[in-house]
$ cat final_16.txt   # compact mmCIF, C-alpha atoms
# COMPACT_ATOMS: atom_id res chain seq x y z
CA GLY A 331 -16.57 8.34 -19.99
CA GLN A 332 -13.04 9.27 -19.15
CA GLN A 333 -10.48 6.57 -19.78
CA VAL A 334 -6.90 5.91 -18.87
CA MET A 335 -5.17 3.95 -21.61
CA GLN A 336 -2.30 1.66 -20.73
CA ILE A 337 0.11 -0.05 -23.11
CA PRO A 338 1.30 -2.62 -23.83
CA GLN A 339 -1.29 -5.11 -22.66
CA TYR A 340 1.32 -7.86 -22.38
CA GLN A 341 5.11 -7.87 -22.24
CA HIS A 342 7.38 -10.89 -22.22
CA VAL A 343 11.02 -10.24 -21.35
CA GLN A 344 14.14 -12.23 -20.66
CA GLU A 345 15.42 -11.88 -17.11
CA GLY A 346 17.83 -8.96 -17.00
CA GLU A 347 16.10 -6.99 -19.74
CA ASP A 348 14.38 -3.70 -19.04
CA PHE A 349 10.61 -3.17 -19.09
CA THR A 350 8.42 -0.11 -19.50
CA THR A 351 4.67 0.37 -19.33
CA TYR A 352 2.92 3.57 -20.39
CA CYS A 353 -0.24 5.24 -19.22
CA ASN A 354 -2.09 7.97 -21.15
CA SER A 355 -5.11 10.14 -20.48
CA SER A 356 -6.93 12.50 -22.84
CA THR A 357 -7.47 14.93 -19.98
CA THR A 358 -5.20 16.39 -17.33
CA LEU A 359 -4.87 14.26 -14.23
CA SER A 360 -4.45 15.54 -10.71
CA ASN A 361 -2.39 12.54 -9.68
CA ILE A 362 -1.35 9.10 -10.82
CA GLN A 363 -0.98 5.95 -8.78
CA TRP A 364 0.69 2.68 -9.68
CA TYR A 365 -0.31 -0.76 -8.39
CA LYS A 366 1.15 -4.24 -8.82
CA GLN A 367 -0.87 -7.43 -8.81
CA ARG A 368 1.07 -10.66 -8.49
CA PRO A 369 -0.40 -13.79 -10.15
CA GLY A 370 -3.22 -15.04 -7.91
CA GLY A 371 -2.97 -11.94 -5.75
CA HIS A 372 -4.64 -8.58 -5.41
CA PRO A 373 -3.49 -5.09 -6.45
CA VAL A 374 -0.99 -3.53 -4.08
CA PHE A 375 -0.18 0.17 -4.07
CA LEU A 376 3.32 1.04 -5.24
CA ILE A 377 3.53 4.81 -5.48
CA GLN A 378 1.75 8.09 -6.18
CA LEU A 379 2.92 11.00 -8.34
CA VAL A 380 1.33 14.41 -8.04
CA LYS A 381 3.62 17.06 -9.51
CA SER A 382 4.14 17.85 -13.17
CA GLY A 383 7.33 16.18 -14.42
CA GLU A 384 7.79 14.29 -11.18
CA VAL A 385 10.17 11.32 -11.13
CA LYS A 386 10.36 8.84 -8.27
CA LYS A 387 12.51 5.76 -7.84
CA GLN A 388 12.07 2.60 -5.85
CA LYS A 389 15.18 0.46 -6.26
CA ARG A 390 14.99 -0.78 -9.88
CA LEU A 391 11.62 0.90 -10.54
CA THR A 392 11.42 4.43 -11.96
CA PHE A 393 8.09 6.26 -12.15
CA GLN A 394 7.49 9.40 -14.19
CA PHE A 395 4.60 11.83 -14.47
CA GLY A 396 4.51 13.85 -17.68
CA GLU A 397 4.90 17.61 -17.82
CA ALA A 398 1.30 18.01 -18.99
CA LYS A 399 0.09 15.54 -16.34
CA LYS A 400 -1.57 13.46 -19.04
CA ASN A 401 0.81 10.54 -19.13
CA SER A 402 2.99 8.43 -16.91
CA SER A 403 5.42 5.57 -17.19
CA LEU A 404 6.86 2.82 -15.05
CA HIS A 405 10.30 1.53 -16.00
CA ILE A 406 11.93 -1.52 -14.47
CA THR A 407 15.67 -1.93 -14.95
CA ALA A 408 17.14 -5.43 -15.22
CA THR A 409 13.95 -7.37 -14.57
CA GLN A 410 13.91 -10.29 -12.16
CA THR A 411 11.48 -13.19 -11.92
CA THR A 412 10.00 -11.54 -8.83
CA ASP A 413 8.79 -8.68 -11.05
CA VAL A 414 6.15 -10.85 -12.75
CA GLY A 415 2.61 -9.64 -12.42
CA THR A 416 0.23 -7.05 -13.76
CA TYR A 417 1.03 -3.38 -13.33
CA PHE A 418 -1.89 -0.97 -13.20
CA CYS A 419 -1.84 2.79 -13.40
CA ALA A 420 -4.71 4.78 -11.92
CA GLY A 421 -5.34 8.40 -12.79
CA GLY A 422 -7.08 10.84 -10.49
CA SER A 423 -9.65 13.11 -12.10
CA GLN A 424 -12.72 14.95 -10.80
CA GLY A 425 -12.67 13.10 -7.53
CA ASN A 426 -12.40 9.67 -9.11
CA LEU A 427 -9.54 7.23 -9.52
CA ILE A 428 -9.66 5.61 -12.96
CA PHE A 429 -7.70 2.42 -13.47
CA GLY A 430 -5.99 1.47 -16.70
CA LYS A 431 -6.36 -2.07 -18.03
CA GLY A 432 -2.91 -3.03 -16.83
CA THR A 433 0.23 -4.47 -18.39
CA LYS A 434 0.92 -8.10 -17.69
CA LEU A 435 4.64 -8.76 -17.37
CA SER A 436 6.18 -12.19 -17.68
CA VAL A 437 9.88 -12.77 -17.11
CA LYS A 438 11.70 -15.74 -18.57
CA PRO A 439 14.61 -16.91 -16.39
CA GLU B 960 -2.03 -8.68 4.85
CA THR B 961 -3.51 -5.32 3.93
CA GLY B 962 -6.10 -4.99 6.70
CA VAL B 963 -8.93 -5.77 4.29
CA THR B 964 -10.47 -9.24 4.51
CA GLN B 965 -12.97 -10.89 2.23
CA THR B 966 -15.08 -14.00 2.65
CA PRO B 967 -15.57 -16.42 1.13
CA ARG B 968 -12.39 -16.67 -0.92
CA HIS B 969 -14.04 -18.99 -3.42
CA LEU B 970 -17.72 -19.40 -4.29
CA VAL B 971 -19.50 -21.61 -6.77
CA MET B 972 -23.18 -20.94 -7.26
CA GLY B 973 -26.00 -21.79 -9.60
CA MET B 974 -27.95 -19.18 -11.47
CA THR B 975 -30.92 -19.47 -9.13
CA ASN B 976 -28.95 -19.21 -5.89
CA LYS B 977 -28.72 -16.24 -3.55
CA LYS B 978 -25.39 -15.60 -1.89
CA SER B 979 -23.52 -12.73 -0.26
CA LEU B 980 -19.91 -11.61 -0.36
CA LYS B 981 -18.49 -9.98 2.74
CA CYS B 982 -15.71 -7.43 3.11
CA GLU B 983 -14.29 -6.08 6.34
CA GLN B 984 -11.60 -3.45 6.79
CA HIS B 985 -9.65 -2.94 10.00
CA LEU B 986 -7.97 0.29 8.94
CA GLY B 987 -10.46 2.88 10.14
CA HIS B 988 -11.14 3.98 6.56
CA ASN B 989 -14.24 5.88 5.51
CA ALA B 990 -14.53 4.80 1.87
CA MET B 991 -15.09 1.30 0.50
CA TYR B 992 -15.32 -0.05 -3.03
CA TRP B 993 -16.41 -3.12 -4.96
CA TYR B 994 -14.53 -4.02 -8.14
CA LYS B 995 -15.08 -6.79 -10.65
CA GLN B 996 -11.97 -8.24 -12.26
CA SER B 997 -12.23 -10.41 -15.35
CA ALA B 998 -10.10 -11.12 -18.38
CA LYS B 999 -12.10 -8.62 -20.47
CA LYS B 1000 -12.15 -5.75 -17.97
CA PRO B 1001 -9.27 -6.05 -15.55
CA LEU B 1002 -10.54 -3.60 -12.90
CA GLU B 1003 -14.15 -2.55 -13.27
CA LEU B 1004 -15.49 -0.29 -10.53
CA MET B 1005 -18.95 -1.40 -9.41
CA PHE B 1006 -19.90 0.53 -6.27
CA VAL B 1007 -18.43 3.20 -4.03
CA TYR B 1008 -19.44 3.97 -0.46
CA SER B 1009 -18.37 6.89 1.66
CA LEU B 1010 -19.35 6.95 5.32
CA GLU B 1011 -21.91 4.21 4.64
CA GLU B 1012 -23.59 6.14 1.85
CA ARG B 1013 -23.47 4.91 -1.73
CA VAL B 1014 -21.90 7.57 -3.88
CA GLU B 1015 -21.45 5.70 -7.12
CA ASN B 1016 -23.20 2.92 -8.98
CA ASN B 1017 -21.57 2.27 -12.32
CA SER B 1018 -24.54 0.89 -14.27
CA VAL B 1019 -24.33 -2.41 -12.45
CA PRO B 1020 -27.19 -4.87 -13.04
CA SER B 1021 -29.72 -5.10 -10.24
CA ARG B 1022 -28.80 -8.74 -9.61
CA PHE B 1023 -25.89 -7.22 -7.66
CA SER B 1024 -27.03 -5.43 -4.51
CA PRO B 1025 -24.51 -3.74 -2.20
CA GLU B 1026 -24.97 -3.04 1.47
CA CYS B 1027 -22.80 -1.01 3.83
CA PRO B 1028 -24.14 -1.29 7.40
CA ASN B 1029 -21.16 0.60 8.87
CA SER B 1030 -17.87 2.02 7.69
CA SER B 1031 -16.00 -1.23 8.41
CA HIS B 1032 -18.25 -3.67 6.57
CA LEU B 1033 -19.38 -3.99 2.99
CA PHE B 1034 -21.54 -6.70 1.47
CA LEU B 1035 -22.41 -7.66 -2.07
CA HIS B 1036 -25.64 -9.60 -2.30
CA LEU B 1037 -25.96 -11.81 -5.37
CA HIS B 1038 -29.11 -13.30 -6.89
CA THR B 1039 -30.02 -14.87 -10.22
CA LEU B 1040 -26.54 -14.36 -11.60
CA GLN B 1041 -25.42 -15.26 -15.10
CA PRO B 1042 -22.37 -17.31 -16.13
CA GLU B 1043 -20.74 -14.10 -17.45
CA ASP B 1044 -20.74 -12.79 -13.88
CA SER B 1045 -18.01 -15.29 -13.05
CA ALA B 1046 -15.00 -13.21 -12.03
CA LEU B 1047 -12.80 -12.13 -9.15
CA TYR B 1048 -14.64 -9.65 -6.93
CA LEU B 1049 -12.31 -7.31 -5.12
CA CYS B 1050 -13.13 -5.09 -2.19
CA ALA B 1051 -10.99 -2.05 -1.43
CA SER B 1052 -10.94 0.75 1.10
CA SER B 1053 -9.31 4.15 1.39
CA ARG B 1054 -8.98 6.68 4.18
CA GLU B 1055 -11.35 9.12 2.51
CA LEU B 1056 -13.22 9.26 -0.75
CA ALA B 1057 -10.56 11.23 -2.58
CA GLN B 1058 -8.54 10.47 -5.64
CA HIS B 1059 -5.28 11.07 -3.77
CA ASN B 1060 -5.91 8.33 -1.28
CA GLU B 1061 -4.22 4.99 -1.71
CA GLN B 1062 -6.62 2.09 -2.06
CA PHE B 1063 -6.08 -1.05 -0.03
CA PHE B 1064 -7.43 -4.17 -1.69
CA GLY B 1065 -8.66 -7.36 -0.11
CA PRO B 1066 -7.67 -10.78 -1.45
CA GLY B 1067 -10.88 -11.10 -3.46
CA THR B 1068 -13.63 -13.68 -3.86
CA ARG B 1069 -13.29 -15.93 -6.89
CA LEU B 1070 -16.90 -16.44 -8.06
CA THR B 1071 -17.99 -19.12 -10.50
CA VAL B 1072 -21.58 -19.12 -11.74
CA LEU B 1073 -22.73 -22.40 -13.24
$ encode --input "final_16.txt" --output "structure tokens"
Amino acid sequence: GQQVMQIPQYQHVQEGEDFTTYCNSSTTLSNIQWYKQRPGGHPVFLIQLVKSGEVKKQKRLTFQFGEAKKNSSLHITATQTTDVGTYFCAGGSQGNLIFGKGTKLSVKP
Amino acid sequence: ETGVTQTPRHLVMGMTNKKSLKCEQHLGHNAMYWYKQSAKKPLELMFVYSLEERVENNSVPSRFSPECPNSSHLFLHLHTLQPEDSALYLCASSRELAQHNEQFFGPGTRLTVL
């Protein structure tokens, strides 16, 4: 079946360092969503990208959707301890939303 | 608080028990989902309902039986589970069954099968 690959699986950073997680699909996606799950919590919607090459920012978070609509990235500038958690991408295709396996971010103060 | 509630929050059951997980959404959404979250498969879609009709069943074993009596409520009936079924079970809802709709997740039920 169709898959959305997400890398890396884990990322450990020092507070203040930047962080990026990448999402890739073998087929063209109609949209991409990003979710964050805090430790012990549940996934919470962050943002949706729909247009080819789209870039959206939320404070220190920058989201990109590739020109071919097959990949996406989430970049966090100057991480803080409040950024810890697992970040999931979810690609929309043929009426379904397919979640990646997530990137677990830990931030060392 | 996302408007999606789940009970119980924690459940421990033996392999011969029968139990049910309950999900309720107060958002007026038409689509509801069950996910299984474990270390091996972080977000595994189990069932999808749209307007109380099941539209997807992702090869889930028959020991899991969903029920959607109305668009606000979703149940997952459990019987003769296996230890490998221990996981976090997440319920989610969205306005419509469409890939562009944001999904709202409940807090989950942490299930342990002994």
$ interface_residues --input "final_16.txt" --of "chain A" --to "chain B" --cutoff "9 Å" --atoms "all atoms listed in the file" --output "PyMOL selection string"
chain A and resi 360-363+370-375+377-378+380+421-432
$ atom_distance --input "final_16.txt" --atom1 "atom CA of Phe393 of chain A" --atom2 "atom CA of Asp348 of chain A"
13.6 Å
$ axis_aligned_box --input "final_16.txt" --around "segment 1026-1044 of chain B" --padding-each-side "5 Å" --output "AutoDock Vina command-line options"
--center_x -23.0 --center_y -7.6 --center_z -4.3 --size_x 24.0 --size_y 29.3 --size_z 36.3
$ residues_near_point --input "final_16.txt" --point "(-11.4, 7.9, 7.0)" --cutoff "7 Å" --atoms "only C-alpha atoms" --output "JSON list (two decimals) with C-alpha atoms, keeping the file's coordinate frame"
[["chain", "number", "residue", "atom", "x", "y", "z"],
["B", 987, "GLY", "CA", -10.46, 2.88, 10.14],
["B", 988, "HIS", "CA", -11.14, 3.98, 6.56],
["B", 989, "ASN", "CA", -14.24, 5.88, 5.51],
["B", 990, "ALA", "CA", -14.53, 4.80, 1.87],
["B", 1054, "ARG", "CA", -8.98, 6.68, 4.18],
["B", 1055, "GLU", "CA", -11.35, 9.12, 2.51]]
$ atom_distance --input "final_16.txt" --atom1 "atom CA of Gln388 of chain A" --atom2 "atom CA of Lys434 of chain A"
19.5 Å
$ atom_distance --input "final_16.txt" --atom1 "atom CA of Met1005 of chain B" --atom2 "atom CA of Leu359 of chain A"
21.6 Å
$ closest_residue --input "final_16.txt" --among "A:Leu379, A:Ile406, A:Met335, A:Leu435" --to "Leu391 of chain A" --atoms "all atoms listed in the file"
A:Ile406
$ closest_residue --input "final_16.txt" --among "B:Leu1033, B:Met991, B:Leu1070, B:Val1019" --to "Pro967 of chain B" --atoms "all atoms listed in the file"
B:Leu1070
$ residues_around --input "final_16.txt" --residues "Ala408 of chain A" --least-positions-apart "5" --cutoff "12 Å" --atoms "all atoms listed in the file" --output "list in words"
Val343, Gln344, Glu345, Gly346, Glu347, Asp348, Phe349, Thr350, Lys389, Arg390, Leu391, Thr392, Asp413, Val437 and Pro439 of chain A
$ write_last_selection --input "final_16.txt" --atoms "C-alpha atoms" --output "JSON list (two decimals), in the coordinates of the input"
[["chain", "number", "residue", "atom", "x", "y", "z"],
["A", 343, "VAL", "CA", 11.02, -10.24, -21.35],
["A", 344, "GLN", "CA", 14.14, -12.23, -20.66],
["A", 345, "GLU", "CA", 15.42, -11.88, -17.11],
["A", 346, "GLY", "CA", 17.83, -8.96, -17.00],
["A", 347, "GLU", "CA", 16.10, -6.99, -19.74],
["A", 348, "ASP", "CA", 14.38, -3.70, -19.04],
["A", 349, "PHE", "CA", 10.61, -3.17, -19.09],
["A", 350, "THR", "CA", 8.42, -0.11, -19.50],
["A", 389, "LYS", "CA", 15.18, 0.46, -6.26],
["A", 390, "ARG", "CA", 14.99, -0.78, -9.88],
["A", 391, "LEU", "CA", 11.62, 0.90, -10.54],
["A", 392, "THR", "CA", 11.42, 4.43, -11.96],
["A", 413, "ASP", "CA", 8.79, -8.68, -11.05],
["A", 437, "VAL", "CA", 9.88, -12.77, -17.11],
["A", 439, "PRO", "CA", 14.61, -16.91, -16.39]]
$ residues_near_point --input "final_16.txt" --point "(-5.9, 14.8, -19.0)" --cutoff "10 Å" --atoms "only C-alpha atoms" --output "ChimeraX atom specification"
/A:332-334,354-360,398-401,421-423
$ closest_residue --input "final_16.txt" --among "B:Glu1043, B:Glu1026, B:Glu1012, B:Glu983" --to "Ser997 of chain B" --atoms "all atoms listed in the file"
B:Glu1043
